[in-house]
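Report on the following structure.
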Amino acid sequence: MLLFDTHAHYDAEQFDADRDTVLAALPDQGVALVVDPGCDLPSSRAAVELARTYPHVYAAVGIHPENCGGYQGEPDLAALRVLAARPKVVAIGEIGLDYYWEENPPRDLQRRVFRDQLALAAELDLPAIVHDREAHGDSLAIVKEFPQVRGVFHCYAGSVEMAQELVRLGWMISFTGVLTYKNARRAVEAAAAVPMDRLMIETDSPYMAPVPCRGQRNTSALVRYVCEKLAEIKGISPEECARITLENGKRFFGIE
């Protein structure tokens, strides 16, 4: 079966020692496609370069809420606009809100940067990859301000009701290896409630490796465990789940 890891950070320092080896091996491990989202301007540039180098890798460009403290406004948006025009850039992301860490940039700044990048996604007619951690109400309210933008809530951690609302708005929901964890009841319930044509799978590598590899460095090769768990939840075969989520991802990101 062929798998699509729709969210993996191969520009991260955890891959500095063996990045090329890991990425080159993925097609032989059943991973047909990967999207690498940037978290700031340097990592967005690195993601674009990885997409240029590897046929199976695509990029997204954006400023993550944890990395928005030095946000410059229009100069940063202009830089993202240039990067978004590069070949194989398929989304604006990773953007959103993160209220989990006290030391994160101020929430009002996070909201401003999120809105500015959703406006950029609308301007460029690109989908958005949204990070939402402990900010469910504000995240949902802000995406509702941009009805022309379609996107995905990656590493979904919200309620069933919020997932259903996002589906009504035309958005996608994506799950990581968290789905395989024993305490993941909320994620499992949300996955069960979302129609199969609105679901994608991801690793969020190098973070959150699935069971049975929890605690290790994650790679896209392990996305099969997410696929197998989602298939179990949906009562379909892993092969069918892989096929549907691959097609969902290609459709969402506009990949032929």
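Scheme for the structure tokens: letters A, B, ... for chains in order shown; per-chain residue numbers from 1; ligand numbers from 1 in order shown.
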Residues within 8 Å of Phe146 of chain A, only C-alpha atoms, excluding chain neighbours under 2 positions, as a PyMOL selection string: chain A and resi 118-119+122+142-144+148-149
Shell of 6 Å around segment 204-216 of chain A, only C-alpha atoms, local chain residues under 5 positions omitted, as an MDAnalysis selection string: chainID A and resid 7:9 177 180
Write out, as an mmCIF file, in the first residue's frame, the residues just selected, with C-alpha atoms.
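Result file follows (again_14.cif):
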data_model
loop_
_atom_site.group_PDB
_atom_site.id
_atom_site.type_symbol
_atom_site.label_atom_id
_atom_site.label_comp_id
_atom_site.auth_asym_id
_atom_site.auth_seq_id
_atom_site.Cartn_x
_atom_site.Cartn_y
_atom_site.Cartn_z
ATOM 1 C CA HIS A 7 2.872 16.602 7.818
ATOM 2 C CA ALA A 8 6.529 15.959 8.677
ATOM 3 C CA HIS A 9 9.339 18.348 9.642
ATOM 4 C CA GLY A 177 0.433 8.734 16.074
ATOM 5 C CA THR A 180 -2.514 4.958 18.762
#
Point-to-point distance from atom CA of Tyr181 of chain A to atom CA of Ala128 of chain A, Å rounded to tenths: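 If I compute the distance from atom CA of Tyr181 of chain A to atom CA of Ala128 of chain A, I get 26.7 Å.
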Which of segment 86-171 of chain A fall in helix (DSSP H, G or I), as a PyMOL selection string: chain A and resi 107-124+136-144+160-168
Can you spit out the residues from that selection as a compact mmCIF listing (two decimals), in the first residue's frame, using C-alpha atoms?
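Output contents, as saved in result-v8.txt:
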# COMPACT_ATOMS: atom_id res chain seq x y z
CA ARG A 107 -1.88 35.59 22.41
CA ASP A 108 -2.94 38.83 20.72
CA LEU A 109 0.20 38.68 18.54
CA GLN A 110 -0.47 34.99 17.74
CA ARG A 111 -3.99 35.88 16.63
CA ARG A 112 -2.74 38.75 14.45
CA VAL A 113 -0.13 36.53 12.74
CA PHE A 114 -2.71 33.76 12.24
CA ARG A 115 -5.19 36.16 10.62
CA ASP A 116 -2.51 37.70 8.40
CA GLN A 117 -1.46 34.26 7.12
CA LEU A 118 -5.02 33.10 6.53
CA ALA A 119 -5.49 36.28 4.48
CA LEU A 120 -2.33 35.33 2.56
CA ALA A 121 -3.73 31.84 1.93
CA ALA A 122 -6.90 33.45 0.58
CA GLU A 123 -4.91 35.82 -1.61
CA LEU A 124 -2.81 33.01 -3.08
CA HIS A 136 -9.81 25.51 20.16
CA GLY A 137 -12.36 28.30 20.57
CA ASP A 138 -10.19 31.05 19.14
CA SER A 139 -8.84 28.83 16.35
CA LEU A 140 -12.33 27.93 15.17
CA ALA A 141 -13.59 31.51 15.48
CA ILE A 142 -10.71 32.88 13.42
CA VAL A 143 -10.96 30.35 10.58
CA LYS A 144 -14.67 31.23 10.38
CA VAL A 160 -16.16 15.73 18.15
CA GLU A 161 -18.43 18.77 17.89
CA MET A 162 -15.61 21.02 16.69
CA ALA A 163 -14.52 18.42 14.13
CA GLN A 164 -18.07 18.24 12.80
CA GLU A 165 -18.21 22.05 12.59
CA LEU A 166 -14.92 22.12 10.65
CA VAL A 167 -16.27 19.49 8.24
CA ARG A 168 -19.37 21.67 7.70
For Ile201 of chain A: contacts at 9 Å, only C-alpha atoms, fewer than 6 positions along chain excluded, given as a list in words: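 With the cut-off at 9 Å, the set is Leu3, Phe4, Asp5, Thr6, His7, His154, Cys155, Ile173, Ser174, Phe175, Thr176, Gly177, Val223, Val226, Cys227, Leu230, Ala242, Thr245, Leu246 and Gly249 of chain A.
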Limited to N, CA and C atoms, could you put the picked residues into a file as a tab-separated table (two decimals), in the first residue's frame?
chain	number	residue	atom	x	y	z
A	3	LEU	N	1.32	5.26	1.00
A	3	LEU	CA	0.89	6.15	2.07
A	3	LEU	C	1.31	7.59	1.80
A	4	PHE	N	0.54	8.53	2.33
A	4	PHE	CA	0.83	9.96	2.23
A	4	PHE	C	0.97	10.51	3.64
A	5	ASP	N	2.20	10.87	4.02
A	5	ASP	CA	2.43	11.55	5.29
A	5	ASP	C	2.27	13.04	5.04
A	6	THR	N	1.13	13.58	5.46
A	6	THR	CA	0.78	14.94	5.08
A	6	THR	C	1.42	16.01	5.96
A	7	HIS	N	2.28	15.60	6.93
A	7	HIS	CA	2.87	16.60	7.82
A	7	HIS	C	4.10	16.00	8.50
A	154	HIS	N	-4.27	20.10	11.72
A	154	HIS	CA	-3.34	18.97	11.79
A	154	HIS	C	-3.21	18.52	13.24
A	155	CYS	N	-2.81	17.26	13.45
A	155	CYS	CA	-2.66	16.69	14.79
A	155	CYS	C	-3.89	17.03	15.64
A	173	ILE	N	-9.50	17.14	8.51
A	173	ILE	CA	-8.98	16.80	9.83
A	173	ILE	C	-7.86	15.78	9.63
A	174	SER	N	-6.73	15.97	10.34
A	174	SER	CA	-5.60	15.05	10.20
A	174	SER	C	-5.17	14.54	11.57
A	175	PHE	N	-4.81	13.26	11.59
A	175	PHE	CA	-4.41	12.61	12.84
A	175	PHE	C	-2.99	12.08	12.76
A	176	THR	N	-2.31	12.12	13.92
A	176	THR	CA	-0.94	11.64	14.08
A	176	THR	C	-0.93	10.32	14.84
A	177	GLY	N	0.27	9.92	15.25
A	177	GLY	CA	0.43	8.73	16.07
A	177	GLY	C	-0.26	8.81	17.42
A	223	VAL	N	4.10	6.16	9.51
A	223	VAL	CA	2.72	6.61	9.27
A	223	VAL	C	1.79	5.43	9.06
A	226	VAL	N	-0.42	4.79	12.00
A	226	VAL	CA	-1.57	5.70	12.07
A	226	VAL	C	-2.66	5.20	11.12
A	227	CYS	N	-2.25	4.80	9.93
A	227	CYS	CA	-3.19	4.27	8.94
A	227	CYS	C	-3.90	3.03	9.47
A	230	LEU	N	-6.44	4.07	12.18
A	230	LEU	CA	-7.61	4.73	11.59
A	230	LEU	C	-8.49	3.71	10.87
A	242	ALA	N	-5.35	3.50	3.39
A	242	ALA	CA	-4.20	4.12	2.72
A	242	ALA	C	-4.62	4.74	1.40
A	245	THR	N	-6.89	7.95	2.10
A	245	THR	CA	-6.16	9.10	2.66
A	245	THR	C	-5.12	9.63	1.68
A	246	LEU	N	-4.55	8.76	0.85
A	246	LEU	CA	-3.65	9.23	-0.21
A	246	LEU	C	-4.41	10.12	-1.18
A	249	GLY	N	-5.38	13.47	0.41
A	249	GLY	CA	-4.24	14.39	0.52
A	249	GLY	C	-3.88	15.00	-0.83
Mind checking which residues fall within 8 Å of Glu66 of chain A, counting only C-alpha atoms, ignoring those fewer than 4 positions away in the same chain, and posting them as a CSV table (one decimal) with N, CA and C atoms, in the first residue's frame?
chain,number,residue,atom,x,y,z
A,98,ASP,N,-1.2,28.6,19.7
A,98,ASP,CA,-0.7,27.7,20.7
A,98,ASP,C,-0.7,28.4,22.1
A,104,ASN,N,5.2,31.2,25.3
A,104,ASN,CA,4.9,31.5,23.9
A,104,ASN,C,4.6,33.0,23.7
A,105,PRO,N,4.8,33.4,22.4
A,105,PRO,CA,4.4,34.8,22.2
A,105,PRO,C,3.0,35.2,22.7
Strand (DSSP E or B) positions in segment 95-200 of chain A, given as a PDB file with N, CA and C atoms, in the first residue's frame:
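Result saved to states27.pdb:
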ATOM      1  N   ILE A  95       0.643  27.233  10.571  1.00  0.00           N
ATOM      2  CA  ILE A  95       0.192  28.470  11.200  1.00  0.00           C
ATOM      3  C   ILE A  95      -0.865  28.121  12.245  1.00  0.00           C
ATOM      4  N   GLY A  96      -1.236  29.089  13.070  1.00  0.00           N
ATOM      5  CA  GLY A  96      -2.294  28.800  14.026  1.00  0.00           C
ATOM      6  C   GLY A  96      -2.084  29.462  15.368  1.00  0.00           C
ATOM      7  N   LEU A  97      -2.538  28.775  16.430  1.00  0.00           N
ATOM      8  CA  LEU A  97      -2.492  29.294  17.798  1.00  0.00           C
ATOM      9  C   LEU A  97      -1.989  28.217  18.745  1.00  0.00           C
ATOM     10  N   ASP A  98      -1.160  28.610  19.712  1.00  0.00           N
ATOM     11  CA  ASP A  98      -0.671  27.684  20.727  1.00  0.00           C
ATOM     12  C   ASP A  98      -0.681  28.387  22.075  1.00  0.00           C
ATOM     13  N   ALA A 128      -4.583  26.021   3.986  1.00  0.00           N
ATOM     14  CA  ALA A 128      -3.842  26.359   5.201  1.00  0.00           C
ATOM     15  C   ALA A 128      -3.689  25.114   6.081  1.00  0.00           C
ATOM     16  N   ILE A 129      -2.516  24.988   6.689  1.00  0.00           N
ATOM     17  CA  ILE A 129      -2.252  23.919   7.657  1.00  0.00           C
ATOM     18  C   ILE A 129      -2.239  24.556   9.036  1.00  0.00           C
ATOM     19  N   VAL A 130      -3.208  24.181   9.877  1.00  0.00           N
ATOM     20  CA  VAL A 130      -3.437  24.882  11.146  1.00  0.00           C
ATOM     21  C   VAL A 130      -2.997  24.034  12.335  1.00  0.00           C
ATOM     22  N   HIS A 131      -2.205  24.669  13.201  1.00  0.00           N
ATOM     23  CA  HIS A 131      -1.793  24.133  14.497  1.00  0.00           C
ATOM     24  C   HIS A 131      -2.703  24.753  15.551  1.00  0.00           C
ATOM     25  N   ASP A 132      -3.365  23.929  16.337  1.00  0.00           N
ATOM     26  CA  ASP A 132      -4.292  24.403  17.374  1.00  0.00           C
ATOM     27  C   ASP A 132      -4.008  23.621  18.650  1.00  0.00           C
ATOM     28  N   ARG A 133      -3.340  24.280  19.599  1.00  0.00           N
ATOM     29  CA  ARG A 133      -3.050  23.615  20.871  1.00  0.00           C
ATOM     30  C   ARG A 133      -3.612  24.449  22.008  1.00  0.00           C
ATOM     31  N   GLY A 151      -8.745  24.412   4.588  1.00  0.00           N
ATOM     32  CA  GLY A 151      -7.544  24.028   5.308  1.00  0.00           C
ATOM     33  C   GLY A 151      -7.716  22.720   6.045  1.00  0.00           C
ATOM     34  N   VAL A 152      -6.697  22.408   6.856  1.00  0.00           N
ATOM     35  CA  VAL A 152      -6.689  21.202   7.674  1.00  0.00           C
ATOM     36  C   VAL A 152      -6.250  21.579   9.080  1.00  0.00           C
ATOM     37  N   PHE A 153      -6.939  21.039  10.070  1.00  0.00           N
ATOM     38  CA  PHE A 153      -6.453  21.095  11.440  1.00  0.00           C
ATOM     39  C   PHE A 153      -5.583  19.862  11.628  1.00  0.00           C
ATOM     40  N   MET A 172     -10.551  19.903   6.418  1.00  0.00           N
ATOM     41  CA  MET A 172     -10.070  18.541   6.620  1.00  0.00           C
ATOM     42  C   MET A 172      -9.573  18.394   8.060  1.00  0.00           C
ATOM     43  N   ILE A 173      -9.496  17.140   8.506  1.00  0.00           N
ATOM     44  CA  ILE A 173      -8.976  16.803   9.828  1.00  0.00           C
ATOM     45  C   ILE A 173      -7.862  15.783   9.628  1.00  0.00           C
ATOM     46  N   SER A 174      -6.730  15.973  10.339  1.00  0.00           N
ATOM     47  CA  SER A 174      -5.599  15.051  10.198  1.00  0.00           C
ATOM     48  C   SER A 174      -5.173  14.536  11.570  1.00  0.00           C
ATOM     49  N   PHE A 175      -4.809  13.256  11.593  1.00  0.00           N
ATOM     50  CA  PHE A 175      -4.411  12.612  12.843  1.00  0.00           C
ATOM     51  C   PHE A 175      -2.989  12.084  12.762  1.00  0.00           C
ATOM     52  N   LEU A 199     -10.572  13.000   5.963  1.00  0.00           N
ATOM     53  CA  LEU A 199      -9.492  12.592   6.854  1.00  0.00           C
ATOM     54  C   LEU A 199      -8.160  12.477   6.134  1.00  0.00           C
ATOM     55  N   MET A 200      -7.096  12.903   6.826  1.00  0.00           N
ATOM     56  CA  MET A 200      -5.736  12.673   6.356  1.00  0.00           C
ATOM     57  C   MET A 200      -4.919  12.121   7.524  1.00  0.00           C
TER      58      MET A 200
END
Polymer residues at most 7 Å from Ala91 of chain A, only C-alpha atoms, same-chain spacing of 6 or more positions, as a list in words: Ala60, Val61, Leu126, Pro127, Ala128, Ile129 and Phe253 of chain A
Would you mind exporting C-alpha atoms of the selected residues as a short mmCIF file (atom, residue, chain, number, x, y, z; two decimals), in the first residue's frame?
data_model
loop_
_atom_site.label_atom_id
_atom_site.label_comp_id
_atom_site.auth_asym_id
_atom_site.auth_seq_id
_atom_site.Cartn_x
_atom_site.Cartn_y
_atom_site.Cartn_z
CA ALA A 60 4.33 24.42 2.90
CA VAL A 61 5.53 27.83 4.09
CA LEU A 126 -3.66 27.97 -1.19
CA PRO A 127 -4.94 25.71 1.61
CA ALA A 128 -3.84 26.36 5.20
CA ILE A 129 -2.25 23.92 7.66
CA PHE A 253 -2.95 19.82 -1.73
#
Residues within 10 Å of Ile255 of chain A, only C-alpha atoms, excluding chain neighbours under 5 positions, as a list in words: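 Near Ile255 of chain A, the qualifying residues are Leu33, Tyr58, Lys88, Val90, Glu247, Gly249 and Lys250 of chain A.
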For atom CA of Arg251 of chain A and atom CA of Ala59 of chain A, the interatomic separation in Å (one decimal): 15.3 Å
Residue contacts of Ala221 of chain A (10 Å, only C-alpha atoms) excluding same-chain residues fewer than 2 positions away, as JSON, numbers by chain: {"A": [3, 5, 22, 23, 25, 26, 27, 28, 29, 30, 31, 203, 205, 218, 219, 223, 224, 225]}
Could those residues be written to a file, using N, CA and C atoms, as a short mmCIF file (atom, residue, chain, number, x, y, z; two decimals), in the first residue's frame?
data_model
loop_
_atom_site.label_atom_id
_atom_site.label_comp_id
_atom_site.auth_asym_id
_atom_site.auth_seq_id
_atom_site.Cartn_x
_atom_site.Cartn_y
_atom_site.Cartn_z
N LEU A 3 1.32 5.26 1.00
CA LEU A 3 0.89 6.15 2.07
C LEU A 3 1.31 7.59 1.80
N ASP A 5 2.20 10.87 4.02
CA ASP A 5 2.43 11.55 5.29
C ASP A 5 2.27 13.04 5.04
N VAL A 22 17.25 9.10 5.36
CA VAL A 22 15.85 8.88 5.74
C VAL A 22 14.91 9.20 4.58
N LEU A 23 15.11 10.36 3.97
CA LEU A 23 14.20 10.79 2.90
C LEU A 23 14.32 9.91 1.66
N ALA A 25 15.01 6.85 1.50
CA ALA A 25 14.49 5.50 1.74
C ALA A 25 12.97 5.42 1.72
N LEU A 26 12.28 6.55 1.83
CA LEU A 26 10.82 6.51 2.05
C LEU A 26 10.04 5.82 0.93
N PRO A 27 10.32 6.07 -0.36
CA PRO A 27 9.53 5.38 -1.39
C PRO A 27 9.58 3.86 -1.28
N ASP A 28 10.73 3.31 -0.91
CA ASP A 28 10.84 1.86 -0.75
C ASP A 28 10.15 1.37 0.51
N GLN A 29 9.78 2.29 1.41
CA GLN A 29 9.06 1.94 2.64
C GLN A 29 7.55 2.17 2.49
N GLY A 30 7.12 2.41 1.27
CA GLY A 30 5.70 2.56 1.01
C GLY A 30 5.15 3.96 1.17
N VAL A 31 6.03 4.93 1.38
CA VAL A 31 5.60 6.32 1.54
C VAL A 31 5.72 7.02 0.19
N THR A 203 2.60 12.05 10.44
CA THR A 203 3.45 11.69 11.57
C THR A 203 3.80 12.86 12.47
N SER A 205 6.57 14.10 12.20
CA SER A 205 7.98 13.77 12.46
C SER A 205 8.79 15.05 12.66
N ASN A 218 10.45 9.99 15.35
CA ASN A 218 9.45 9.59 14.37
C ASN A 218 9.96 9.85 12.95
N THR A 219 9.55 9.02 11.99
CA THR A 219 9.78 9.26 10.57
C THR A 219 8.51 8.87 9.81
N VAL A 223 4.10 6.16 9.51
CA VAL A 223 2.72 6.61 9.27
C VAL A 223 1.79 5.43 9.06
N ARG A 224 2.35 4.26 8.71
CA ARG A 224 1.51 3.08 8.51
C ARG A 224 0.77 2.69 9.79
N TYR A 225 1.37 2.97 10.96
CA TYR A 225 0.69 2.64 12.22
C TYR A 225 -0.53 3.54 12.43
#
